[in-house]
file protein-v6.cif (mmCIF, C-alpha atoms)
data_run
#
loop_
_atom_site.label_atom_id
_atom_site.label_comp_id
_atom_site.auth_asym_id
_atom_site.auth_seq_id
_atom_site.Cartn_x
_atom_site.Cartn_y
_atom_site.Cartn_z
CA MET A 16 51.90 12.12 43.40
CA LYS A 17 49.89 14.17 40.92
CA GLN A 18 47.87 12.03 38.53
CA PRO A 19 48.41 12.56 34.79
CA SER A 20 45.60 14.11 32.78
CA ILE A 21 42.71 11.76 32.10
CA LEU A 22 43.01 12.74 28.42
CA LEU A 23 46.32 10.85 28.29
CA ASP A 24 44.35 7.63 28.80
CA LEU A 25 43.84 6.35 25.25
CA ALA A 26 40.59 4.52 25.98
CA PHE A 27 39.04 7.58 27.58
CA LEU A 28 40.46 9.89 24.91
CA ARG A 29 38.64 7.87 22.27
CA LEU A 30 35.42 8.08 24.26
CA TRP A 31 35.89 11.82 24.84
CA THR A 32 36.56 12.39 21.13
CA GLY A 33 33.36 10.59 20.20
CA ALA A 34 31.35 12.54 22.77
CA THR A 35 32.84 15.81 21.53
CA ALA A 36 31.95 14.96 17.92
CA SER A 37 28.38 14.12 18.92
CA GLY A 38 28.18 17.40 20.84
CA LEU A 39 29.36 19.40 17.84
CA ALA A 40 26.80 17.68 15.63
CA THR A 41 24.03 18.22 18.19
CA TRP A 42 24.63 21.96 18.62
CA ALA A 43 25.37 22.64 14.95
CA LEU A 44 22.13 21.16 13.57
CA PRO A 45 19.68 23.84 14.85
CA PHE A 46 22.06 26.56 13.69
CA VAL A 47 22.40 25.07 10.21
CA LEU A 48 18.64 24.72 9.93
CA GLY A 49 18.40 28.36 11.01
CA LEU A 50 20.70 29.25 8.12
CA ALA A 51 18.27 27.44 5.83
CA VAL A 52 15.51 29.76 7.12
CA PHE A 53 17.77 32.74 6.47
CA ASP A 54 18.35 31.52 2.91
CA ARG A 55 14.57 30.99 2.49
CA ALA A 56 15.09 27.29 1.84
CA LEU A 57 13.00 26.58 4.95
CA ALA A 58 10.08 28.40 6.58
CA ALA A 59 10.24 29.42 10.23
CA THR A 60 7.19 27.27 11.04
CA ASP A 61 8.90 24.30 9.40
CA LEU A 62 11.99 24.92 11.54
CA GLY A 63 9.82 24.64 14.65
CA LEU A 64 8.39 21.37 13.33
CA LEU A 65 11.86 19.94 12.71
CA LEU A 66 13.14 20.90 16.16
CA ALA A 67 10.02 19.43 17.75
CA ALA A 68 10.54 16.20 15.78
CA ARG A 69 14.14 16.02 16.97
CA THR A 70 13.05 16.49 20.59
CA ALA A 71 10.39 13.80 20.20
CA GLY A 72 12.97 11.39 18.80
CA PHE A 73 15.32 12.17 21.68
CA LEU A 74 12.70 11.51 24.35
CA ALA A 75 11.48 8.33 22.68
CA ALA A 76 14.98 6.89 22.35
CA VAL A 77 16.35 7.63 25.82
CA PRO A 78 14.45 4.91 27.77
CA VAL A 79 14.88 2.38 24.97
CA ALA A 80 18.62 3.02 24.81
CA GLY A 81 18.88 2.69 28.60
CA VAL A 82 17.44 -0.81 28.43
CA LEU A 83 19.50 -1.83 25.39
CA ALA A 84 22.75 -0.49 26.88
CA ASP A 85 22.19 -2.61 30.00
CA ARG A 86 21.04 -5.65 28.02
CA TYR A 87 23.74 -5.60 25.34
CA SER A 88 27.04 -3.83 24.69
CA ARG A 89 27.14 -0.13 25.59
CA ARG A 90 29.70 0.28 22.82
CA GLY A 91 27.27 -1.29 20.37
CA VAL A 92 24.51 1.14 21.37
CA VAL A 93 26.86 4.09 20.77
CA LEU A 94 27.81 2.64 17.38
CA TRP A 95 24.28 2.11 16.09
CA ALA A 96 22.98 5.35 17.56
CA GLY A 97 25.77 7.32 15.89
CA LEU A 98 25.27 5.54 12.57
CA ALA A 99 21.53 6.26 12.67
CA ALA A 100 22.09 9.96 13.41
CA GLY A 101 24.77 10.09 10.72
CA ALA A 102 22.44 8.57 8.14
CA ALA A 103 19.68 11.02 9.12
CA ALA A 104 21.75 14.09 8.20
CA PRO A 105 21.75 13.50 4.40
CA VAL A 106 18.04 12.61 4.64
CA ILE A 107 17.40 16.06 6.10
CA ALA A 108 19.53 17.56 3.33
CA ALA A 109 17.60 15.64 0.67
CA GLY A 110 14.35 17.09 1.96
CA LEU A 111 15.44 20.72 1.58
CA ASP A 112 13.07 22.54 -0.81
CA ARG A 113 11.36 19.19 -1.46
CA SER A 114 9.64 17.59 1.53
CA VAL A 115 9.27 18.90 5.06
CA LEU A 116 7.91 15.51 6.14
CA LEU A 117 11.11 13.82 4.92
CA MET A 118 13.16 16.37 6.84
CA ALA A 119 11.04 15.83 9.94
CA ALA A 120 11.58 12.08 9.72
CA GLY A 121 15.32 12.64 9.44
CA ALA A 122 15.27 15.08 12.38
CA ALA A 123 13.39 12.54 14.51
CA VAL A 124 16.01 9.87 13.74
CA ALA A 125 18.82 12.34 14.47
CA GLY A 126 17.18 13.14 17.82
CA ALA A 127 16.82 9.44 18.54
CA GLY A 128 20.52 8.90 17.86
CA GLN A 129 21.39 11.76 20.17
CA GLY A 130 19.08 10.44 22.89
CA ALA A 131 20.40 6.89 22.59
CA CYS A 132 23.98 8.05 23.00
CA ARG A 133 23.41 9.87 26.29
CA PRO A 134 22.82 6.95 28.70
CA ALA A 135 25.21 4.73 26.77
CA TYR A 136 28.05 7.26 27.04
CA GLN A 137 27.29 7.71 30.73
CA ALA A 138 27.52 3.97 31.39
CA LEU A 139 30.51 3.50 29.09
CA THR A 140 32.47 6.11 31.04
CA ALA A 141 32.10 3.94 34.14
CA GLU A 142 33.47 0.97 32.18
CA VAL A 143 36.45 2.81 30.70
CA VAL A 144 37.60 4.84 33.74
CA ASP A 145 38.60 3.62 37.21
CA ALA A 146 36.47 4.84 40.10
CA ASP A 147 39.07 7.22 41.56
CA ARG A 148 39.39 9.12 38.25
CA ARG A 149 35.73 9.33 37.24
CA GLN A 150 35.18 12.81 38.60
CA GLN A 151 38.04 14.07 36.44
CA ALA A 152 36.65 12.12 33.49
CA ASN A 153 33.13 13.48 33.95
CA ALA A 154 34.54 17.00 34.21
CA ALA A 155 36.36 16.48 30.91
CA MET A 156 33.16 15.19 29.30
CA THR A 157 31.08 18.13 30.47
CA LEU A 158 33.88 20.51 29.48
CA ALA A 159 33.60 19.12 25.95
CA VAL A 160 29.84 19.78 26.01
CA ARG A 161 30.36 23.42 26.98
CA VAL A 162 33.10 23.96 24.41
CA THR A 163 30.93 22.51 21.65
CA THR A 164 28.10 24.82 22.75
CA LEU A 165 30.35 27.70 21.74
CA VAL A 166 32.25 26.13 18.87
CA GLY A 167 29.39 24.27 17.13
CA PRO A 168 27.33 27.27 15.96
CA SER A 169 30.45 29.42 15.43
CA LEU A 170 32.12 26.76 13.31
CA ALA A 171 28.92 26.28 11.32
CA ALA A 172 28.71 30.04 10.73
CA LEU A 173 32.33 30.10 9.53
CA LEU A 174 31.85 27.17 7.17
CA ALA A 175 28.61 28.70 5.88
CA ALA A 176 30.73 31.36 4.17
CA PHE A 177 32.19 28.64 1.94
CA LEU A 178 29.61 25.81 1.90
CA ASP A 179 25.88 25.63 1.28
CA THR A 180 23.33 24.20 3.74
CA TRP A 181 23.31 20.80 2.03
CA ALA A 182 27.09 20.42 2.48
CA LEU A 183 26.88 21.54 6.11
CA LEU A 184 24.25 18.91 6.85
CA VAL A 185 26.43 16.23 5.27
CA GLY A 186 29.29 17.46 7.48
CA ILE A 187 27.08 16.98 10.53
CA GLY A 188 26.52 13.40 9.36
CA LEU A 189 30.29 12.88 9.21
CA LEU A 190 30.64 14.13 12.79
CA TRP A 191 28.11 11.50 13.86
CA LEU A 192 30.19 8.84 12.10
CA VAL A 193 33.16 9.91 14.23
CA ALA A 194 30.96 9.69 17.34
CA ALA A 195 29.90 6.19 16.29
CA CYS A 196 33.22 4.70 15.27
CA VAL A 197 35.98 6.28 17.39
CA PRO A 198 35.02 5.20 20.98
CA GLY A 199 36.34 1.84 22.07
CA SER A 200 34.85 -0.85 24.28
CA GLY A 201 35.11 -0.87 28.05
CA THR A 202 38.38 -2.44 29.22
CA ARG A 203 38.14 -2.41 33.01
CA ALA A 204 38.36 -5.78 34.73
CA ASP A 205 35.26 -5.31 36.89
CA ILE A 206 33.03 -5.32 33.83
CA ALA A 207 33.13 -9.08 34.17
CA ASP A 208 31.44 -8.73 37.55
CA ARG A 209 28.20 -7.56 35.92
CA PRO A 210 25.46 -10.17 35.47
CA PRO A 211 25.44 -11.51 31.90
CA ARG A 212 23.09 -9.64 29.59
CA GLY A 213 21.08 -11.40 26.94
CA ALA A 214 21.67 -14.88 28.33
CA ALA A 215 18.91 -17.46 28.51
CA GLY A 216 16.76 -16.82 31.53
CA GLY A 217 18.55 -13.50 32.07
CA PRO A 218 17.66 -9.93 31.29
CA GLY A 219 17.71 -10.61 27.54
CA ARG A 220 14.46 -12.59 27.87
CA THR A 221 12.73 -10.02 30.08
CA PRO A 222 10.13 -7.76 28.40
CA PHE A 223 11.23 -4.20 27.75
CA LEU A 224 8.85 -2.59 30.23
CA ALA A 225 9.91 -5.02 32.94
CA GLU A 226 13.56 -4.19 32.33
CA PHE A 227 12.87 -0.47 32.45
CA ALA A 228 10.90 -1.03 35.68
CA GLU A 229 14.00 -2.69 37.12
CA GLY A 230 15.87 0.53 36.44
CA VAL A 231 13.15 2.52 38.18
CA ARG A 232 13.34 0.19 41.20
CA GLU A 233 17.10 0.61 41.27
CA ALA A 234 16.66 4.40 41.26
CA ARG A 235 14.22 4.13 44.16
CA ARG A 236 16.88 2.31 46.19
CA HIS A 237 18.83 5.58 46.29
CA PRO A 238 16.90 8.34 48.10
CA TRP A 239 19.64 10.85 47.28
CA PHE A 240 19.11 10.16 43.57
CA LEU A 241 15.35 10.69 43.71
CA ALA A 242 15.77 13.91 45.72
CA GLY A 243 18.49 15.25 43.45
CA LEU A 244 16.59 14.33 40.29
CA GLY A 245 13.50 16.11 41.59
CA ALA A 246 15.54 19.23 42.30
CA LEU A 247 17.28 19.08 38.92
CA THR A 248 13.98 18.65 37.07
CA ALA A 249 12.43 21.61 38.90
CA VAL A 250 15.42 23.87 38.20
CA ILE A 251 15.57 22.98 34.50
CA ALA A 252 11.81 23.34 34.03
CA THR A 253 11.81 26.83 35.59
CA GLY A 254 15.31 28.32 35.32
CA TYR A 255 15.91 26.99 31.82
CA SER A 256 12.52 28.28 30.72
CA ALA A 257 13.34 31.73 32.09
CA THR A 258 16.57 31.67 30.09
CA GLY A 259 14.95 30.44 26.89
CA VAL A 260 11.85 32.66 26.87
CA ALA A 261 12.08 35.52 29.38
CA LEU A 262 15.70 36.55 28.78
CA PRO A 263 15.12 37.49 25.09
CA LEU A 264 11.97 39.43 26.08
CA VAL A 265 13.73 41.32 28.88
CA SER A 266 16.72 42.01 26.67
CA ARG A 267 14.43 43.53 24.03
CA ASP A 268 11.87 45.35 26.17
CA GLU A 269 13.93 46.49 29.17
CA TYR A 270 17.34 47.07 27.64
CA GLY A 271 16.46 47.66 24.00
CA THR A 272 19.40 45.63 22.69
CA GLU A 273 20.32 42.04 21.96
CA VAL A 274 23.69 42.59 23.64
CA VAL A 275 22.26 41.58 27.03
CA LEU A 276 20.93 38.31 25.57
CA ALA A 277 24.22 37.46 23.85
CA GLY A 278 26.31 38.57 26.82
CA ALA A 279 24.28 36.57 29.34
CA MET A 280 24.45 33.37 27.28
CA THR A 281 28.19 33.79 26.71
CA ALA A 282 28.71 34.45 30.42
CA TYR A 283 26.72 31.31 31.28
CA THR A 284 28.90 29.16 29.05
CA ALA A 285 32.08 30.78 30.40
CA GLY A 286 30.90 30.12 33.95
CA ALA A 287 30.15 26.51 33.08
CA LEU A 288 33.63 26.07 31.59
CA ALA A 289 35.16 27.46 34.77
CA GLY A 290 32.96 25.18 36.88
CA ALA A 291 34.08 22.10 34.95
CA LEU A 292 37.74 23.02 35.40
CA ILE A 293 37.28 23.64 39.13
CA ILE A 294 35.33 20.48 39.91
CA ALA A 295 37.87 18.33 38.06
CA ARG A 296 40.19 18.86 41.05
CA LEU A 297 37.88 19.97 43.87
CA ARG A 298 36.84 17.36 46.43
CA PRO A 299 34.31 18.96 48.83
CA ARG A 300 33.90 17.48 52.30
CA ASN A 301 30.15 17.09 51.71
CA PRO A 302 29.98 16.60 47.93
CA GLY A 303 26.22 16.19 47.70
CA TRP A 304 25.38 19.35 49.62
CA ALA A 305 28.03 21.28 47.68
CA ALA A 306 26.54 20.03 44.41
CA LEU A 307 23.01 21.03 45.44
CA ALA A 308 24.29 24.47 46.44
CA GLY A 309 25.74 24.79 42.96
CA LEU A 310 22.40 23.76 41.44
CA ALA A 311 20.60 26.37 43.55
CA ALA A 312 22.90 29.05 42.11
CA TYR A 313 20.84 28.84 38.91
CA GLY A 314 18.24 30.87 40.79
CA PHE A 315 20.38 33.99 40.36
CA ALA A 316 19.69 33.89 36.62
CA PRO A 317 15.90 34.53 36.75
CA LEU A 318 16.37 36.71 39.85
CA SER A 319 18.62 39.08 37.88
CA LEU A 320 15.75 39.68 35.45
CA VAL A 321 13.20 40.65 38.11
CA PHE A 322 14.58 44.13 38.84
CA PRO A 323 16.02 46.81 36.52
CA VAL A 324 19.76 46.34 37.05
CA HIS A 325 22.87 47.09 35.05
CA PRO A 326 23.49 44.58 32.22
CA VAL A 327 26.74 43.55 33.91
CA VAL A 328 24.72 42.29 36.88
CA VAL A 329 22.63 40.10 34.57
CA MET A 330 25.74 38.70 32.90
CA THR A 331 27.40 38.06 36.26
CA ALA A 332 24.30 36.23 37.50
CA TYR A 333 24.35 33.98 34.44
CA ALA A 334 28.06 33.30 34.90
CA VAL A 335 27.33 32.20 38.49
CA ALA A 336 24.48 30.00 37.22
CA GLY A 337 26.78 28.34 34.68
CA LEU A 338 29.47 27.81 37.32
CA GLY A 339 26.96 26.26 39.68
CA ILE A 340 25.37 23.90 37.19
CA GLU A 341 28.71 22.20 36.52
CA LEU A 342 29.52 22.05 40.22
CA PHE A 343 26.35 19.95 40.37
CA ASN A 344 26.60 17.94 37.14
CA VAL A 345 30.01 16.37 37.64
CA PRO A 346 29.51 15.04 41.22
CA TRP A 347 25.98 13.96 40.19
CA PHE A 348 27.21 11.83 37.28
CA THR A 349 30.14 10.50 39.33
CA ALA A 350 27.86 9.48 42.20
CA ALA A 351 25.51 7.61 39.87
CA GLN A 352 28.45 5.69 38.38
CA ARG A 353 29.66 4.82 41.89
CA GLU A 354 26.40 3.99 43.66
CA VAL A 355 24.11 2.49 41.02
CA ALA A 356 24.38 -1.23 40.23
CA PRO A 357 26.62 -1.51 37.13
CA ASP A 358 24.12 -3.64 35.20
CA LYS A 359 21.39 -1.00 35.71
CA LEU A 360 23.43 2.18 35.28
CA ALA A 361 22.27 2.95 31.73
CA ARG A 362 18.60 2.57 32.69
CA VAL A 363 18.96 4.83 35.73
CA SER A 364 20.84 7.37 33.59
CA SER A 365 18.09 7.25 30.99
CA LEU A 366 15.55 8.00 33.72
CA ASP A 367 17.68 11.00 34.68
CA PHE A 368 17.75 12.39 31.13
CA LEU A 369 14.11 11.52 30.47
CA LEU A 370 12.77 13.50 33.43
CA SER A 371 15.21 16.38 33.62
CA TYR A 372 15.20 17.11 29.87
CA GLY A 373 11.77 15.68 29.10
CA LEU A 374 9.88 18.16 31.25
CA ALA A 375 11.85 21.17 30.00
CA PRO A 376 9.61 21.66 26.90
CA ILE A 377 6.58 21.89 29.20
CA GLY A 378 8.22 24.74 31.08
CA LEU A 379 9.08 26.47 27.81
CA ALA A 380 5.49 26.12 26.61
CA VAL A 381 3.97 27.41 29.86
CA ILE A 382 6.19 30.35 30.77
CA ALA A 383 5.16 32.70 27.93
CA PRO A 384 1.40 32.41 28.66
CA ALA A 385 2.21 32.74 32.37
CA ILE A 386 4.10 35.99 31.71
CA ASP A 387 1.12 37.31 29.71
CA ALA A 388 -1.27 36.38 32.52
CA PHE A 389 0.70 37.38 35.63
CA GLY A 390 3.51 39.61 34.40
CA ALA A 391 7.22 38.93 33.96
CA THR A 392 8.14 40.10 37.47
CA TRP A 393 5.98 37.59 39.32
CA VAL A 394 6.79 34.70 37.00
CA LEU A 395 10.55 35.29 37.14
CA ALA A 396 10.41 35.68 40.92
CA GLY A 397 8.55 32.39 41.12
CA CYS A 398 11.18 30.70 38.93
CA ALA A 399 13.93 32.03 41.20
CA VAL A 400 12.16 30.77 44.32
CA VAL A 401 11.79 27.28 42.80
CA CYS A 402 15.47 27.23 41.78
CA PHE A 403 16.54 28.11 45.32
CA ALA A 404 13.96 26.02 47.18
CA ALA A 405 14.09 22.73 45.25
CA PRO A 406 17.79 21.96 45.97
CA ALA A 407 17.33 23.12 49.57
CA ALA A 408 14.44 20.69 49.98
CA ALA A 409 16.50 17.90 48.41
CA ALA A 410 19.31 18.58 50.90
CA LEU A 411 16.92 17.62 53.73
CA VAL A 412 17.17 13.99 52.59
CA PRO A 413 20.06 12.60 54.71
CA SER A 414 21.78 10.61 51.98
CA THR A 415 22.15 13.70 49.75
CA ARG A 416 24.95 14.95 51.99
CA ALA A 417 27.41 12.64 50.23
CA PHE A 418 25.22 11.46 47.32
CA SER A 419 25.50 8.00 48.82
CA ARG A 420 23.27 5.53 50.65
CA PRO A 421 24.18 4.95 54.33
CA ALA A 422 26.37 1.92 54.91
CA ALA A 423 24.49 -1.32 55.64
CA ARG A 424 24.13 -2.10 59.32
CA ASP A 425 24.21 -5.43 61.19
CA GLY A 426 25.22 -7.28 58.06
CA ALA A 427 22.08 -6.27 56.20
CA PRO A 428 22.55 -6.06 52.40
#

call {"tool": "encode", "arguments": {"input": "protein-v6.cif", "output": "structure tokens"}}
result
Amino acid sequence: MKQPSILLDLAFLRLWTGATASGLATWALPFVLGLAVFDRALAATDLGLLLAARTAGFLAAVPVAGVLADRYSRRGVVLWAGLAAGAAAPVIAAGLDRSVLLMAAGAAVAGAGQGACRPAYQALTAEVVDADRRQQANAAMTLAVRVTTLVGPSLAALLAAFLDTWALLVGIGLLWLVAACVPGSGTRADIADRPPRGAAGGPGRTPFLAEFAEGVREARRHPWFLAGLGALTAVIATGYSATGVALPLVSRDEYGTEVVLAGAMTAYTAGALAGALIIARLRPRNPGWAALAGLAAYGFAPLSLVFPVHPVVVMTAYAVAGLGIELFNVPWFTAAQREVAPDKLARVSSLDFLLSYGLAPIGLAVIAPAIDAFGATWVLAGCAVVCFAAPAAAALVPSTRAFSRPAARDGAP
């Protein structure tokens, strides 16, 4: 019998609504700050400072939130993270035309709220949704991310015709309040099976670094996770950098129009939306290998920029990259929720976000000087090779075939 849509589950619908609101707020903020530059209320150099502060806050909060979400209530972490990000929005607004340092402080807190939500939402999904429906739930969550990627800036641009930057920033704060207050607590019965958090002699009395180290040890118990995370980090650091830096340069210098840039980014998002819809129902025989093949498809994006090809080829390559990244993301998140010990899931998820997203700025910083030194052709070809080779190397680890550790033998734990 066909299962009803996961969005008909009230507990998950509340969680999905909160995640969608946080996604809208996340993607709208850089665009609204860009409007402030357009209106000359903010300098371009100051915009870079604010975005850097937000990234720093994100990276600082992710490991802390992973520990707190395993030690205390995941719902509580989402609440306080959302409230902090919501309070930061009017602080940023108050600093307009007055204090860049005040705005930077607000941006750092907003980034911290965003970073704290990520592992908590990941772990809370496992609490709210039964195991056999998590792939559908994760597909719905990532679908919301892709939709907000399109809708967030567009909605901000539409509202900008009627509201000033200050009002838009306050609206972003209200979205964070929705993200904080709408999700409910986990209701599944097996939550009670987790070891108590915060009890005397338990994890609540363990130092922070020791608790985070427990999460690292848990990650090391899963060779498929380490291999997949290494591949994901390599692809994001190279493929994402090619998209962020090289694509605008190629669009300007080789094609003489911004249409290629806009078309490629739109095609990527459209491909990702299609990938999320497909993987919600698809159950590959070897899910890990299929996911890694999808991740490797990102290599077509930088490869399409190596040679002078028709713009449609570039856009098609980015659509394939977007399709592939979601064919990886959803089984990846689902496998972590299934295989990782429930009381360490948030910490392992924080390690995932910390490495995969944390190293991306390094790639962005390095690729432009590398293009100046070696030329765009060689750098983009190198990025494509890494995107293809890293998932292939990860697939050599036996447990990546199903994103699962082999069953224990001879009664061994």

call {"tool": "residues_around", "arguments": {"input": "protein-v6.cif", "residues": "Ala336 in chain A", "least_positions_apart": "5", "cutoff": "10 Å", "atoms": "all atoms listed in the file", "output": "PyMOL selection string"}}
result
chain A and resi 254+282-284+286-287+290+309-317+330-331+341-342

call {"tool": "residues_around", "arguments": {"input": "protein-v6.cif", "residues": "Leu369 in chain A", "least_positions_apart": "5", "cutoff": "8 Å", "atoms": "all atoms listed in the file", "output": "number ranges by chain"}}
result
A: 74, 77-78, 374

call {"tool": "atom_distance", "arguments": {"input": "protein-v6.cif", "atom1": "CA of Asp24 in chain A", "atom2": "CA of Ala146 in chain A"}}
result
14.1 Å

call {"tool": "atom_distance", "arguments": {"input": "protein-v6.cif", "atom1": "CA of Arg161 in chain A", "atom2": "CA of Met280 in chain A"}}
result
11.6 Å

call {"tool": "atom_distance", "arguments": {"input": "protein-v6.cif", "atom1": "CA of Ala383 in chain A", "atom2": "CA of Gly130 in chain A"}}
result
26.7 Å

call {"tool": "build_atoms", "arguments": {"input": "protein-v6.cif", "residues": "range 358-371 of chain A", "atoms": "N, CA, C and O atoms", "output": "PDB file, in the frame of the given file"}}
result
ATOM      1  N   ASP A 358      24.962  -3.094  36.261  1.00  0.00           N
ATOM      2  CA  ASP A 358      24.120  -3.640  35.200  1.00  0.00           C
ATOM      3  C   ASP A 358      22.817  -2.874  35.029  1.00  0.00           C
ATOM      4  O   ASP A 358      22.013  -3.201  34.149  1.00  0.00           O
ATOM      5  N   LYS A 359      22.603  -1.829  35.842  1.00  0.00           N
ATOM      6  CA  LYS A 359      21.390  -1.000  35.710  1.00  0.00           C
ATOM      7  C   LYS A 359      21.726   0.470  35.512  1.00  0.00           C
ATOM      8  O   LYS A 359      20.826   1.318  35.490  1.00  0.00           O
ATOM      9  N   LEU A 360      23.003   0.784  35.343  1.00  0.00           N
ATOM     10  CA  LEU A 360      23.430   2.180  35.280  1.00  0.00           C
ATOM     11  C   LEU A 360      22.833   2.906  34.076  1.00  0.00           C
ATOM     12  O   LEU A 360      22.396   4.060  34.197  1.00  0.00           O
ATOM     13  N   ALA A 361      22.798   2.272  32.917  1.00  0.00           N
ATOM     14  CA  ALA A 361      22.270   2.950  31.730  1.00  0.00           C
ATOM     15  C   ALA A 361      20.788   3.256  31.893  1.00  0.00           C
ATOM     16  O   ALA A 361      20.312   4.318  31.479  1.00  0.00           O
ATOM     17  N   ARG A 362      20.032   2.328  32.504  1.00  0.00           N
ATOM     18  CA  ARG A 362      18.600   2.570  32.690  1.00  0.00           C
ATOM     19  C   ARG A 362      18.353   3.707  33.685  1.00  0.00           C
ATOM     20  O   ARG A 362      17.479   4.555  33.460  1.00  0.00           O
ATOM     21  N   VAL A 363      19.109   3.746  34.764  1.00  0.00           N
ATOM     22  CA  VAL A 363      18.960   4.830  35.730  1.00  0.00           C
ATOM     23  C   VAL A 363      19.368   6.159  35.082  1.00  0.00           C
ATOM     24  O   VAL A 363      18.715   7.190  35.291  1.00  0.00           O
ATOM     25  N   SER A 364      20.435   6.153  34.284  1.00  0.00           N
ATOM     26  CA  SER A 364      20.840   7.370  33.590  1.00  0.00           C
ATOM     27  C   SER A 364      19.786   7.829  32.602  1.00  0.00           C
ATOM     28  O   SER A 364      19.542   9.028  32.445  1.00  0.00           O
ATOM     29  N   SER A 365      19.149   6.871  31.931  1.00  0.00           N
ATOM     30  CA  SER A 365      18.090   7.250  30.990  1.00  0.00           C
ATOM     31  C   SER A 365      16.914   7.879  31.712  1.00  0.00           C
ATOM     32  O   SER A 365      16.279   8.819  31.205  1.00  0.00           O
ATOM     33  N   LEU A 366      16.616   7.387  32.919  1.00  0.00           N
ATOM     34  CA  LEU A 366      15.550   8.000  33.720  1.00  0.00           C
ATOM     35  C   LEU A 366      15.926   9.431  34.077  1.00  0.00           C
ATOM     36  O   LEU A 366      15.069  10.333  34.062  1.00  0.00           O
ATOM     37  N   ASP A 367      17.182   9.656  34.390  1.00  0.00           N
ATOM     38  CA  ASP A 367      17.680  11.000  34.680  1.00  0.00           C
ATOM     39  C   ASP A 367      17.432  11.933  33.498  1.00  0.00           C
ATOM     40  O   ASP A 367      16.801  12.989  33.629  1.00  0.00           O
ATOM     41  N   PHE A 368      17.899  11.546  32.310  1.00  0.00           N
ATOM     42  CA  PHE A 368      17.750  12.390  31.130  1.00  0.00           C
ATOM     43  C   PHE A 368      16.282  12.550  30.731  1.00  0.00           C
ATOM     44  O   PHE A 368      15.862  13.620  30.286  1.00  0.00           O
ATOM     45  N   LEU A 369      15.511  11.489  30.891  1.00  0.00           N
ATOM     46  CA  LEU A 369      14.110  11.520  30.470  1.00  0.00           C
ATOM     47  C   LEU A 369      13.321  12.543  31.280  1.00  0.00           C
ATOM     48  O   LEU A 369      12.515  13.303  30.718  1.00  0.00           O
ATOM     49  N   LEU A 370      13.533  12.577  32.588  1.00  0.00           N
ATOM     50  CA  LEU A 370      12.770  13.500  33.430  1.00  0.00           C
ATOM     51  C   LEU A 370      13.332  14.917  33.377  1.00  0.00           C
ATOM     52  O   LEU A 370      12.587  15.886  33.193  1.00  0.00           O
ATOM     53  N   SER A 371      14.633  15.045  33.528  1.00  0.00           N
ATOM     54  CA  SER A 371      15.210  16.380  33.620  1.00  0.00           C
ATOM     55  C   SER A 371      15.067  17.139  32.298  1.00  0.00           C
ATOM     56  O   SER A 371      14.715  18.328  32.294  1.00  0.00           O
TER      57      SER A 371
END
